[in-house]
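Dropping data-v2.csv in here (CSV, C-alpha atoms and all ligand atoms):
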```
chain,number,residue,atom,x,y,z
J,24,MET,CA,145.8,136.7,102.4
J,25,GLY,CA,143.7,137.0,99.3
J,26,ASN,CA,146.2,137.2,96.4
J,27,LEU,CA,147.1,133.6,95.7
J,28,LEU,CA,149.4,134.5,92.8
J,29,GLY,CA,151.2,131.2,92.8
J,30,LYS,CA,150.9,128.5,90.2
J,31,LYS,CA,151.1,125.2,92.1
J,32,VAL,CA,148.1,123.4,93.5
J,33,ALA,CA,148.3,120.2,95.6
J,34,VAL,CA,145.3,117.9,95.3
J,35,LEU,CA,145.1,115.4,98.2
J,36,GLY,CA,143.1,112.5,97.0
J,37,ALA,CA,143.2,110.7,93.7
J,38,GLY,CA,139.7,109.5,93.4
J,39,SER,CA,137.1,110.6,90.8
J,40,TRP,CA,136.6,114.1,91.9
J,41,GLY,CA,140.2,114.8,93.0
J,42,THR,CA,141.3,113.8,89.5
J,43,ALA,CA,138.5,115.5,87.6
J,44,PHE,CA,139.1,118.7,89.6
J,45,SER,CA,142.8,118.5,88.7
J,46,ILE,CA,141.8,118.7,85.1
J,47,VAL,CA,139.9,121.9,85.8
J,48,LEU,CA,142.9,123.3,87.6
J,49,ALA,CA,145.3,122.4,84.9
J,50,ASP,CA,143.0,123.8,82.2
J,51,ALA,CA,142.9,127.0,84.2
J,52,GLY,CA,146.7,127.3,84.1
J,53,ASN,CA,147.8,125.7,87.3
J,54,ASP,CA,150.5,123.1,87.8
J,55,VAL,CA,148.9,120.3,89.8
J,56,CYS,CA,150.4,117.5,92.0
J,57,ILE,CA,147.9,114.9,93.1
J,58,TRP,CA,148.6,112.9,96.3
J,59,ALA,CA,147.5,109.3,95.8
J,60,ARG,CA,147.0,106.9,98.7
J,61,ARG,CA,148.3,104.0,96.6
J,62,GLU,CA,151.6,104.2,94.7
J,63,GLU,CA,150.2,102.4,91.7
J,64,VAL,CA,147.6,105.1,91.1
J,65,ALA,CA,150.4,107.8,91.2
J,66,ALA,CA,152.4,105.7,88.7
J,67,SER,CA,149.5,105.3,86.4
J,68,ILE,CA,148.9,109.1,86.4
J,69,ASN,CA,152.6,109.9,85.8
J,70,GLU,CA,153.3,107.2,83.2
J,71,SER,CA,150.1,106.8,81.2
J,72,HIS,CA,148.5,110.1,82.1
J,73,GLU,CA,145.3,108.3,83.1
J,74,ASN,CA,143.7,107.3,86.4
J,75,THR,CA,142.6,103.9,85.3
J,76,ASP,CA,140.8,103.1,88.7
J,77,TYR,CA,138.6,106.2,88.8
J,78,LEU,CA,138.5,107.9,85.4
J,79,ALA,CA,139.4,105.3,82.9
J,80,GLY,CA,139.6,106.5,79.3
J,81,ILE,CA,140.2,110.2,80.2
J,82,GLU,CA,143.6,111.6,79.2
J,83,LEU,CA,145.1,113.9,81.8
J,84,PRO,CA,146.9,117.1,80.9
J,85,ARG,CA,150.7,117.1,81.2
J,86,ALA,CA,150.4,119.8,83.9
J,87,ILE,CA,149.2,117.1,86.2
J,88,SER,CA,151.7,114.9,88.1
J,89,SER,CA,151.1,112.6,91.0
J,90,THR,CA,153.0,111.2,94.1
J,91,HIS,CA,152.4,109.0,97.1
J,92,ASP,CA,154.6,111.3,99.2
J,93,PRO,CA,152.6,114.1,100.9
J,94,GLU,CA,155.7,116.3,101.3
J,95,GLN,CA,156.4,116.2,97.6
J,96,ALA,CA,152.7,116.9,96.7
J,97,LEU,CA,152.6,119.9,99.0
J,98,ALA,CA,156.0,121.5,98.3
J,99,GLY,CA,155.5,125.0,96.9
J,100,ALA,CA,151.7,124.8,96.8
J,101,ASP,CA,149.7,127.9,97.8
J,102,VAL,CA,146.4,126.2,97.2
J,103,VAL,CA,145.8,122.8,98.9
J,104,VAL,CA,142.7,120.9,97.8
J,105,LEU,CA,141.3,118.2,100.0
J,106,ALA,CA,139.4,115.3,98.2
J,107,VAL,CA,139.4,112.3,100.4
J,108,PRO,CA,136.2,110.7,101.8
J,109,SER,CA,134.6,112.9,104.5
J,110,GLN,CA,134.8,110.3,107.2
J,111,SER,CA,138.6,109.8,106.6
J,112,LEU,CA,139.5,113.5,106.7
J,113,ARG,CA,140.3,113.7,110.4
J,114,GLU,CA,142.7,110.7,110.3
J,115,ASN,CA,144.4,112.0,107.1
J,116,LEU,CA,145.0,115.6,108.1
J,117,PRO,CA,148.0,114.9,110.4
J,118,THR,CA,149.7,113.3,107.4
J,119,PHE,CA,149.3,116.4,105.3
J,120,LEU,CA,149.4,119.4,107.7
J,121,PRO,CA,153.2,119.4,108.6
J,122,TYR,CA,153.9,120.2,104.9
J,123,VAL,CA,151.2,122.8,104.3
J,124,ASP,CA,152.6,126.3,103.9
J,125,ASP,CA,151.5,128.7,106.6
J,126,GLU,CA,149.9,131.1,104.0
J,127,ALA,CA,148.3,128.4,101.9
J,128,VAL,CA,144.5,128.3,101.4
J,129,LEU,CA,142.9,124.9,102.0
J,130,VAL,CA,139.9,124.0,99.8
J,131,SER,CA,137.5,121.3,100.7
J,132,LEU,CA,135.8,119.4,97.9
J,133,MET,CA,134.2,117.0,100.3
J,134,LYS,CA,130.4,116.6,100.8
J,135,GLY,CA,129.7,115.1,104.1
J,136,VAL,CA,129.2,115.7,107.8
J,137,GLU,CA,131.5,113.9,110.3
J,138,LEU,CA,129.9,111.1,112.3
J,139,GLY,CA,130.1,111.6,116.1
J,140,THR,CA,131.2,115.2,116.1
J,141,LEU,CA,128.5,116.3,113.5
J,142,LYS,CA,131.0,118.8,112.1
J,143,ARG,CA,131.3,120.1,108.6
J,144,MET,CA,134.5,119.4,106.7
J,145,SER,CA,135.7,123.1,107.0
J,146,GLU,CA,135.1,122.8,110.8
J,147,VAL,CA,137.2,119.6,110.9
J,148,ILE,CA,140.0,121.3,109.0
J,149,ALA,CA,139.9,124.4,111.3
J,150,GLU,CA,139.9,122.3,114.4
J,151,VAL,CA,142.6,119.8,113.5
J,152,GLY,CA,144.9,122.3,111.8
J,153,ASP,CA,144.1,125.2,114.1
J,154,ILE,CA,143.5,127.2,110.9
J,155,ALA,CA,141.6,130.5,110.6
J,156,GLU,CA,138.4,130.6,108.5
J,157,ASP,CA,139.9,133.0,106.0
J,158,ARG,CA,142.3,130.3,104.9
J,159,ILE,CA,139.6,127.6,104.4
J,160,ALA,CA,137.3,127.5,101.3
J,161,VAL,CA,134.8,125.1,99.9
J,162,VAL,CA,134.0,124.3,96.2
J,163,SER,CA,130.5,122.8,95.7
J,164,GLY,CA,128.0,122.6,92.9
J,165,PRO,CA,126.5,120.3,90.3
J,166,ASN,CA,129.8,118.7,89.3
J,167,LEU,CA,129.6,115.0,88.5
J,168,ALA,CA,133.2,114.0,88.1
J,169,ARG,CA,133.0,112.2,84.7
J,170,GLU,CA,131.1,115.1,83.0
J,171,ILE,CA,133.7,117.6,84.4
J,172,ALA,CA,136.5,115.4,83.2
J,173,ARG,CA,135.0,115.3,79.7
J,174,ARG,CA,135.0,119.1,79.9
J,175,GLU,CA,131.2,119.4,79.6
J,176,PRO,CA,130.2,122.9,80.7
J,177,ALA,CA,129.3,123.4,84.3
J,178,ALA,CA,129.2,126.0,87.1
J,179,SER,CA,130.0,125.8,90.7
J,180,VAL,CA,130.4,127.8,93.9
J,181,VAL,CA,133.7,128.7,95.6
J,182,ALA,CA,132.9,129.9,99.1
J,183,CYS,CA,135.1,131.4,101.8
J,184,ALA,CA,134.4,133.7,104.8
J,185,ASP,CA,137.0,136.0,103.2
J,186,GLU,CA,135.5,137.3,100.0
J,187,GLY,CA,138.9,138.3,98.7
J,188,VAL,CA,140.2,134.7,99.0
J,189,ALA,CA,137.1,133.4,97.2
J,190,THR,CA,137.7,135.8,94.4
J,191,SER,CA,141.4,134.8,94.1
J,192,LEU,CA,140.4,131.2,94.1
J,193,GLN,CA,137.8,131.9,91.5
J,194,LYS,CA,140.5,133.1,89.1
J,195,ARG,CA,142.6,130.0,89.8
J,196,LEU,CA,139.6,127.8,88.9
J,197,HIS,CA,138.0,129.5,85.9
J,198,SER,CA,138.6,127.3,82.9
J,199,PRO,CA,137.1,127.2,79.4
J,200,ALA,CA,134.5,124.6,80.7
J,201,PHE,CA,134.2,125.4,84.4
J,202,ARG,CA,132.6,128.6,85.7
J,203,PRO,CA,133.0,129.3,89.4
J,204,TYR,CA,130.8,131.8,91.3
J,205,THR,CA,131.9,133.3,94.7
J,206,SER,CA,130.1,133.1,98.0
J,207,VAL,CA,130.8,133.8,101.6
J,208,ASP,CA,128.3,131.2,102.8
J,209,VAL,CA,130.6,128.3,103.6
J,210,LEU,CA,128.0,126.7,105.9
J,211,GLY,CA,125.2,126.8,103.4
J,212,CYS,CA,127.3,125.3,100.7
J,213,GLU,CA,128.5,122.5,102.9
J,214,TYR,CA,125.1,121.6,104.2
J,215,GLY,CA,123.7,121.7,100.7
J,216,GLY,CA,126.4,119.4,99.5
J,217,ALA,CA,126.0,116.9,102.3
J,218,TYR,CA,122.2,116.8,102.3
J,219,LYS,CA,121.7,116.3,98.6
J,220,ASN,CA,123.6,113.0,98.8
J,221,VAL,CA,121.0,111.7,101.3
J,222,VAL,CA,118.2,112.9,99.1
J,223,ALA,CA,119.8,111.2,96.1
J,224,LEU,CA,120.0,107.9,98.1
J,225,CYS,CA,116.3,108.3,98.7
J,226,VAL,CA,115.5,109.0,95.1
J,227,GLY,CA,117.6,106.0,94.1
J,228,MET,CA,115.6,103.8,96.4
J,229,ALA,CA,112.4,105.0,94.7
J,230,VAL,CA,113.8,104.6,91.2
J,231,GLY,CA,115.0,101.1,92.1
J,232,GLN,CA,111.5,100.1,93.0
J,233,GLY,CA,110.3,101.3,89.6
J,234,PHE,CA,108.7,104.6,90.6
J,235,GLY,CA,108.7,107.4,88.1
J,236,ASP,CA,109.1,111.2,87.8
J,237,ASN,CA,106.2,112.3,90.1
J,238,THR,CA,107.9,110.4,92.9
J,239,THR,CA,111.4,111.7,92.2
J,240,ALA,CA,110.2,115.3,91.8
J,241,SER,CA,108.3,115.1,95.0
J,242,LEU,CA,111.3,113.8,96.9
J,243,ILE,CA,113.7,116.4,95.3
J,244,THR,CA,111.3,119.2,96.3
J,245,ARG,CA,110.7,118.0,99.8
J,246,GLY,CA,114.4,117.2,100.1
J,247,LEU,CA,115.2,120.8,99.3
J,248,ALA,CA,112.6,122.0,101.9
J,249,GLU,CA,114.3,119.7,104.5
J,250,THR,CA,117.8,120.9,103.5
J,251,ALA,CA,116.8,124.5,103.8
J,252,ARG,CA,115.0,124.0,107.1
J,253,LEU,CA,118.1,122.6,108.7
J,254,ALA,CA,120.7,124.8,107.0
J,255,MET,CA,118.9,128.0,107.6
J,256,ASN,CA,118.3,127.1,111.3
J,257,LEU,CA,122.1,126.6,111.6
J,258,GLY,CA,122.9,130.0,109.9
J,259,ALA,CA,122.9,129.4,106.1
J,260,ASN,CA,121.7,132.1,103.7
J,261,PRO,CA,118.4,130.7,102.2
J,262,LEU,CA,119.4,131.8,98.8
J,263,THR,CA,122.5,129.5,98.9
J,264,LEU,CA,120.1,126.6,99.0
J,265,MET,CA,118.3,127.9,95.9
J,266,GLY,CA,121.7,128.2,94.1
J,267,LEU,CA,124.3,125.9,92.5
J,268,ALA,CA,125.4,124.3,95.8
J,269,GLY,CA,121.8,123.7,96.8
J,270,LEU,CA,119.2,123.1,94.2
J,271,GLY,CA,121.7,122.8,91.4
J,272,ASP,CA,123.6,119.9,93.0
J,273,LEU,CA,120.5,118.3,94.3
J,274,VAL,CA,118.9,118.1,90.8
J,275,ALA,CA,122.2,116.9,89.2
J,276,THR,CA,122.8,114.2,91.8
J,277,CYS,CA,119.2,113.0,92.0
J,278,SER,CA,118.8,112.8,88.2
J,279,SER,CA,122.1,111.3,87.1
J,280,PRO,CA,122.9,107.6,86.8
J,281,LEU,CA,126.5,108.8,87.3
J,282,SER,CA,125.8,109.6,90.9
J,283,ARG,CA,127.2,107.1,93.3
J,284,ASN,CA,124.6,108.1,95.9
J,285,ARG,CA,121.7,107.6,93.6
J,286,THR,CA,123.1,104.3,92.3
J,287,PHE,CA,123.6,103.1,95.9
J,288,GLY,CA,120.0,103.9,96.7
J,289,GLU,CA,118.8,102.2,93.4
J,290,LYS,CA,120.7,99.0,94.3
J,291,LEU,CA,119.0,99.1,97.8
J,292,GLY,CA,115.6,99.6,96.0
J,293,GLN,CA,116.4,96.6,93.8
J,294,GLY,CA,117.0,94.4,96.9
J,295,MET,CA,120.7,94.4,97.4
J,296,THR,CA,122.0,94.8,101.0
J,297,VAL,CA,124.2,97.6,102.2
J,298,GLU,CA,127.1,95.1,102.7
J,299,GLU,CA,126.7,93.8,99.2
J,300,ILE,CA,126.8,97.3,97.7
J,301,TYR,CA,129.9,98.2,99.7
J,302,ALA,CA,131.6,95.0,98.4
J,303,SER,CA,130.6,95.9,94.8
J,304,THR,CA,132.4,99.2,94.5
J,305,ARG,CA,135.5,101.0,95.6
J,306,GLN,CA,133.9,104.5,95.3
J,307,VAL,CA,132.4,106.5,98.2
J,308,ALA,CA,128.7,107.2,98.6
J,309,GLU,CA,128.9,109.9,101.2
J,310,GLY,CA,125.2,109.9,102.0
J,311,ALA,CA,125.3,106.4,103.4
J,312,LYS,CA,127.3,107.8,106.3
J,313,SER,CA,126.1,111.4,106.5
J,314,CYS,CA,122.4,110.2,106.8
J,315,SER,CA,123.3,109.3,110.4
J,316,SER,CA,125.2,112.5,111.2
J,317,LEU,CA,122.6,114.8,109.5
J,318,ARG,CA,119.9,112.9,111.3
J,319,ALA,CA,121.6,113.5,114.7
J,320,LEU,CA,122.2,117.2,113.8
J,321,ALA,CA,118.5,117.7,112.9
J,322,ALA,CA,117.4,116.0,116.1
J,323,ARG,CA,119.9,118.2,118.1
J,324,THR,CA,118.6,121.3,116.3
J,325,GLY,CA,114.9,120.3,116.8
J,326,ILE,CA,114.2,120.2,113.1
J,327,ASP,CA,111.8,117.8,111.4
J,328,ALA,CA,113.8,115.7,108.9
J,329,PRO,CA,111.7,112.8,107.5
J,330,ILE,CA,114.0,112.1,104.6
J,331,VAL,CA,117.3,111.7,106.5
J,332,ASP,CA,115.4,109.8,109.2
J,333,ALA,CA,114.0,107.3,106.7
J,334,VAL,CA,117.2,106.9,104.7
J,335,ASP,CA,119.1,106.3,107.9
J,336,GLU,CA,116.5,103.7,109.0
J,337,VAL,CA,117.0,101.8,105.7
J,338,VAL,CA,120.8,102.0,105.8
J,339,GLN,CA,120.7,100.7,109.4
J,340,GLY,CA,118.4,97.8,108.2
J,341,ARG,CA,115.4,98.9,110.3
J,342,LEU,CA,113.2,99.8,107.4
J,343,THR,CA,112.8,98.2,104.0
J,344,THR,CA,112.8,100.3,100.8
J,345,SER,CA,109.3,99.0,100.1
J,346,GLN,CA,108.2,100.6,103.4
J,347,LEU,CA,109.9,103.9,102.6
J,348,MET,CA,107.4,105.7,100.5
J,349,ASP,CA,104.5,104.6,102.7
J,350,ALA,CA,106.4,106.0,105.7
J,351,PHE,CA,106.4,109.4,103.8
J,352,ILE,CA,102.9,109.3,102.4
J,353,SER,CA,101.2,108.2,105.7
J,354,ARG,CA,102.8,111.0,107.8
J,355,ASP,CA,100.4,113.5,109.4
J,356,THR,CA,99.3,116.0,106.7
J,357,LYS,CA,100.3,119.6,107.0
J,358,ALA,CA,100.7,122.9,105.1
J,359,GLU,CA,103.4,122.8,102.4
J,360,LEU,CA,105.1,126.0,103.6
J,361,SER,CA,105.1,125.0,107.3
J,401,LIG,N1,132.8,112.2,92.3
J,401,LIG,C1,132.1,113.3,92.2
J,401,LIG,O1,131.5,113.5,91.2
J,401,LIG,C2,132.2,114.4,93.2
J,401,LIG,C3,132.6,114.1,94.5
J,401,LIG,N2,132.6,115.0,95.5
J,401,LIG,C4,133.1,114.8,96.8
J,401,LIG,O2,134.5,114.6,96.8
J,401,LIG,C5,134.9,113.8,97.9
J,401,LIG,C6,135.8,112.7,97.3
J,401,LIG,O3,135.0,111.9,96.4
J,401,LIG,P1,135.6,111.1,95.2
J,401,LIG,O4,136.9,111.6,94.7
J,401,LIG,O5,134.5,111.2,94.2
J,401,LIG,O6,135.7,109.7,95.8
J,401,LIG,P2,136.2,108.4,95.2
J,401,LIG,O7,135.5,107.3,95.9
J,401,LIG,O8,136.1,108.4,93.7
J,401,LIG,O9,137.8,108.3,95.6
J,401,LIG,C7,138.1,108.4,96.9
J,401,LIG,C8,139.6,108.7,97.0
J,401,LIG,O10,139.9,108.8,98.4
J,401,LIG,C9,140.9,107.7,98.7
J,401,LIG,N3,140.5,107.1,100.0
J,401,LIG,C10,139.6,106.3,100.3
J,401,LIG,N4,139.6,106.0,101.6
J,401,LIG,C11,140.6,106.7,102.1
J,401,LIG,C12,141.1,106.9,103.4
J,401,LIG,N5,140.6,106.3,104.5
J,401,LIG,N6,142.2,107.7,103.6
J,401,LIG,C13,142.7,108.4,102.5
J,401,LIG,N7,142.2,108.3,101.3
J,401,LIG,C14,141.2,107.5,101.1
J,401,LIG,C15,140.7,106.7,97.6
J,401,LIG,O11,142.0,106.0,97.5
J,401,LIG,P3,142.0,104.5,97.1
J,401,LIG,O12,141.9,104.4,95.7
J,401,LIG,O13,143.4,104.1,97.6
J,401,LIG,O14,141.0,103.8,97.9
J,401,LIG,C16,140.5,107.6,96.4
J,401,LIG,O15,141.7,108.2,96.0
J,401,LIG,C17,133.6,113.2,98.5
J,401,LIG,O16,133.3,113.9,99.7
J,401,LIG,C18,132.6,113.5,97.4
J,401,LIG,O17,131.3,113.7,98.0
J,401,LIG,C19,132.2,116.3,95.2
J,401,LIG,C20,131.8,116.6,94.0
J,401,LIG,C21,131.8,115.7,92.9
J,402,LIG,O1,128.6,115.6,94.3
J,402,LIG,C1,128.5,115.1,93.2
J,402,LIG,C2,128.0,115.9,92.1
J,402,LIG,O2,128.0,117.2,92.3
J,402,LIG,C3,128.7,113.6,93.0
J,402,LIG,O3,127.7,112.9,93.5
J,402,LIG,P1,128.0,111.4,93.9
J,402,LIG,O4,128.9,111.4,95.0
J,402,LIG,O5,126.6,110.9,94.3
J,402,LIG,O6,128.5,110.7,92.7
```

Translate this structure into structure tokens?
Amino acid sequence: MGNLLGKKVAVLGAGSWGTAFSIVLADAGNDVCIWARREEVAASINESHENTDYLAGIELPRAISSTHDPEQALAGADVVVLAVPSQSLRENLPTFLPYVDDEAVLVSLMKGVELGTLKRMSEVIAEVGDIAEDRIAVVSGPNLAREIARREPAASVVACADEGVATSLQKRLHSPAFRPYTSVDVLGCEYGGAYKNVVALCVGMAVGQGFGDNTTASLITRGLAETARLAMNLGANPLTLMGLAGLGDLVATCSSPLSRNRTFGEKLGQGMTVEEIYASTRQVAEGAKSCSSLRALAARTGIDAPIVDAVDEVVQGRLTTSQLMDAFISRDTKAELS
């Protein structure tokens, strides 16, 4: 393990990030085959070199092909990238695993925590596939799909318990516009990625009500404190939360109108219901589900988590967005670094 000298990468999931990440992979010299859940998406990628549903207007490199057949997507791939919504990973894995090479490394792009089991995506892959941790990696950072697809410069983290595997993957991902850093802190990267989506929902709710930069900066900063509190308690390196997969992604997602999570929160803040928002888009806003799993995880760990608690209350319809900020401000006062 650790060399990854092949050329073919299978990307399982043809949404915004699976497609944009395929551009990075192709620009870095890989041949990419994207598995698409719907045949028409695969046909659009093969025939017009465009994913019209998720990245309209972006021309895809010719090194990218697509198929609806998992066996065809996975044939000959030594790197397997998983890019389906987090809550669907467990049900999807049995479709893919029979065709995954025994030596292949599986790379999770997903930013969520499973409802019910409260597991991270790498834990779900390890459990369902009975796969050792040195064959599972995570890529996470401030990587809004459309900006990456436009080849705007960005950095990210590729994390694996086996540093040699992380370094091999780093080489396979390093493109003219995309700079990956290695890490061995898989857990820290995954909690950073899942938590920032919930904070972005919260920021969106504030923005939707017309609040400005003091409010959003306060939420981002306290969101980072909350993320670090939980992740460190569960074993993360605190410096990971200060890095690209923590602070970097938090700032990008909370600041950008491109973020689906922030947009979801903004629509709630403007008065739309959760059901209306789901009906208005095909795209996933992971935080709307992971707020419940992270809340349960924080409760199980005995960690104070006011932002995930409040976001979950709003998503469940038990708190209105106009009550949200008051719920934060009126909490018992305490020391900042407590
Ligand atoms: N977009 C971004 O900027 C980034 C996203 N991520 C993470 O990547 C992951 C994937 O997100 P993204 O690509 O953006 O999501 P999108 O919503 O853009 O696309 C989701 C993809 O998954 C498919 N899908 C939906 N439901 C299922 C299901 N039940 N089983 C199998 N496939 C399904 C969709 O297929 P169909 O079209 O048929 O519905 C579509 O191809 C998420 O965890 C997200 O947090 C990470 C970094 C950046
Ligand atoms: O993870 C992301 C950027 O790094 C994308 O965020 P959204 O899922 O909110 O669009």

Dump as a Markdown table the rows for residues of chain J within 6 Å of ligand LIG 402 (chain J): closest atom pair and distance in Å with one decimal, only C-alpha atoms and all ligand atoms counted, ordered by chain and rising residue number.
```
| residue | atom | partner | partner_atom | distance |
| --- | --- | --- | --- | --- |
| J:Gly164 | CA | J:LIG402 | O2 | 5.4 |
| J:Pro165 | CA | J:LIG402 | O2 | 4.0 |
| J:Asn166 | CA | J:LIG402 | O2 | 3.8 |
| J:Leu167 | CA | J:LIG402 | C2 | 4.0 |
| J:Asn220 | CA | J:LIG402 | O5 | 5.8 |
| J:Asp272 | CA | J:LIG402 | O2 | 5.2 |
| J:Thr276 | CA | J:LIG402 | O3 | 5.3 |
| J:Ser282 | CA | J:LIG402 | O6 | 3.4 |
| J:Arg283 | CA | J:LIG402 | O6 | 3.9 |
| J:Asn284 | CA | J:LIG402 | O5 | 3.8 |
| J:Arg285 | CA | J:LIG402 | O5 | 5.9 |
| J:Ala308 | CA | J:LIG402 | O4 | 5.5 |
```

>> Counting all atoms listed in the file, which residues have an atom no more than 9 Å from (141.1, 125.8, 104.5) in the file's coordinates? Please list them as a ChimeraX atom specification.
In response: /J:103-105,127-131,145,148-149,152,154-161,183

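Distances to Glu213 (chain J) were evaluated for J:Ala37, J:Ala321, J:Leu342, J:Leu257 using all atoms listed in the file, and the minimum falls at J:Leu257.
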
> Given a cut-off of 6 Å, what residues near ligand LIG 401 (chain J) show up using all atoms listed in the file, put as a ChimeraX atom specification?
Replying inline: /J:36-41,59-61,77,106-109,111,115,132-135,166-168,306-307,309

So that each row is one residue of region 272-335 of chain J with an atom at most 12 Å from region 247-255 of chain J, can you give its shortest atom pair and the distance in Å to one decimal, using all atoms listed in the file, rows by chain and rising number, as a tab-separated table?
```
residue	atom	partner	partner_atom	distance
J:Asp272	CA	J:Leu247	CA	10.5
J:Leu273	CA	J:Leu247	CA	7.7
J:Val274	CA	J:Leu247	CA	9.7
J:Cys277	CA	J:Leu247	CA	11.4
J:Leu317	CA	J:Leu253	CA	9.0
J:Arg318	CA	J:Leu253	CA	10.2
J:Ala319	CA	J:Leu253	CA	11.4
J:Leu320	CA	J:Leu253	CA	8.5
J:Ala321	CA	J:Leu253	CA	6.5
J:Ala322	CA	J:Leu253	CA	9.9
J:Arg323	CA	J:Leu253	CA	10.5
J:Thr324	CA	J:Leu253	CA	7.7
J:Gly325	CA	J:Leu253	CA	9.0
J:Ile326	CA	J:Leu253	CA	6.4
J:Asp327	CA	J:Glu249	CA	7.6
J:Ala328	CA	J:Glu249	CA	6.0
J:Pro329	CA	J:Glu249	CA	8.0
J:Ile330	CA	J:Glu249	CA	7.6
J:Val331	CA	J:Glu249	CA	8.8
J:Asp332	CA	J:Glu249	CA	11.0
```

> Just how far from CA of Ser303 (chain J) is CA of Lys290 (chain J), in Å to one decimal?
Replying inline: 10.4 Å

>> Using Å and a single decimal, report how far CA of Ile87 (chain J) sits from CA of Asn69 (chain J).
In response: 8.0 Å

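Taking CA of Lys31 (chain J) and CA of Leu120 (chain J) as endpoints, the distance between them is 16.7 Å.
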
>> as a list in words, please: the residues near Ile300 (chain J) (cut-off 9 Å, all atoms listed in the file, same-chain neighbours under 4 positions excluded).
In response: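 So the residues in contact are Phe287, Lys290, Leu291, Met295, Thr296 and Thr304 of chain J.
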
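For the residues J:Val222, J:Leu27, J:Ala311, J:Val136, ranking by smallest atom-to-atom distance to Leu270 (chain J) using all atoms listed in the file places J:Val222 first.
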
Quick one: axis-aligned box around all listed atoms of region 305-320 of chain J, 8 Å on every side, centre and edge lengths in Å to one decimal, written as lines of an AutoDock Vina configuration file.
```
center_x = 127.7
center_y = 109.1
center_z = 105.0
size_x = 31.6
size_y = 32.2
size_z = 35.4
```

> What lies within 9 Å of Lys30 (chain J) using only C-alpha atoms, ignoring chain neighbours under 5 positions off, as a PyMOL selection string?
Replying inline: chain J and resi 52-55+99-102+195

> Nearest to Ala189 (chain J): which of J:Thr239, J:Asn26, J:Tyr301, J:Ser89 is it, counting all atoms listed in the file?
Replying inline: J:Asn26

> Quick one: of J:Arg143, J:Arg245, J:Arg173, J:Lys357, who's nearest to Gln110 (chain J), counting all atoms listed in the file?
Replying inline: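 With all atoms listed in the file as the atom set, the closest residue is J:Arg143.
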
>> For Gln95 (chain J), find every residue with an atom within 10 Å (counting all atoms listed in the file), except residues of its own chain fewer than 6 positions away, and show them as JSON, numbers by chain.
In response: {"J": [33, 56, 57, 58, 89, 122]}

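Checking J:Ala177, J:Val221, J:Leu35, J:Ala79 one by one against Thr286 (chain J), counting all atoms listed in the file, you find the shortest gap at J:Val221.
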
> Can you tell me, as a ChimeraX atom specification, what residues are no more than 12 Å from Leu83 (chain J) when counting only C-alpha atoms, ignoring any on the same chain fewer than 2 positions away?
Replying inline: /J:42-50,55,57,67-75,78-81,85-89,172-174

>> Just checking: using all atoms listed in the file, which residue out of J:Ala333, J:Val34, J:Ser179, J:Phe234 ends up closest to Pro203 (chain J)?
In response: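 That would be J:Ser179, the residue with the smallest distance to Pro203 (chain J).
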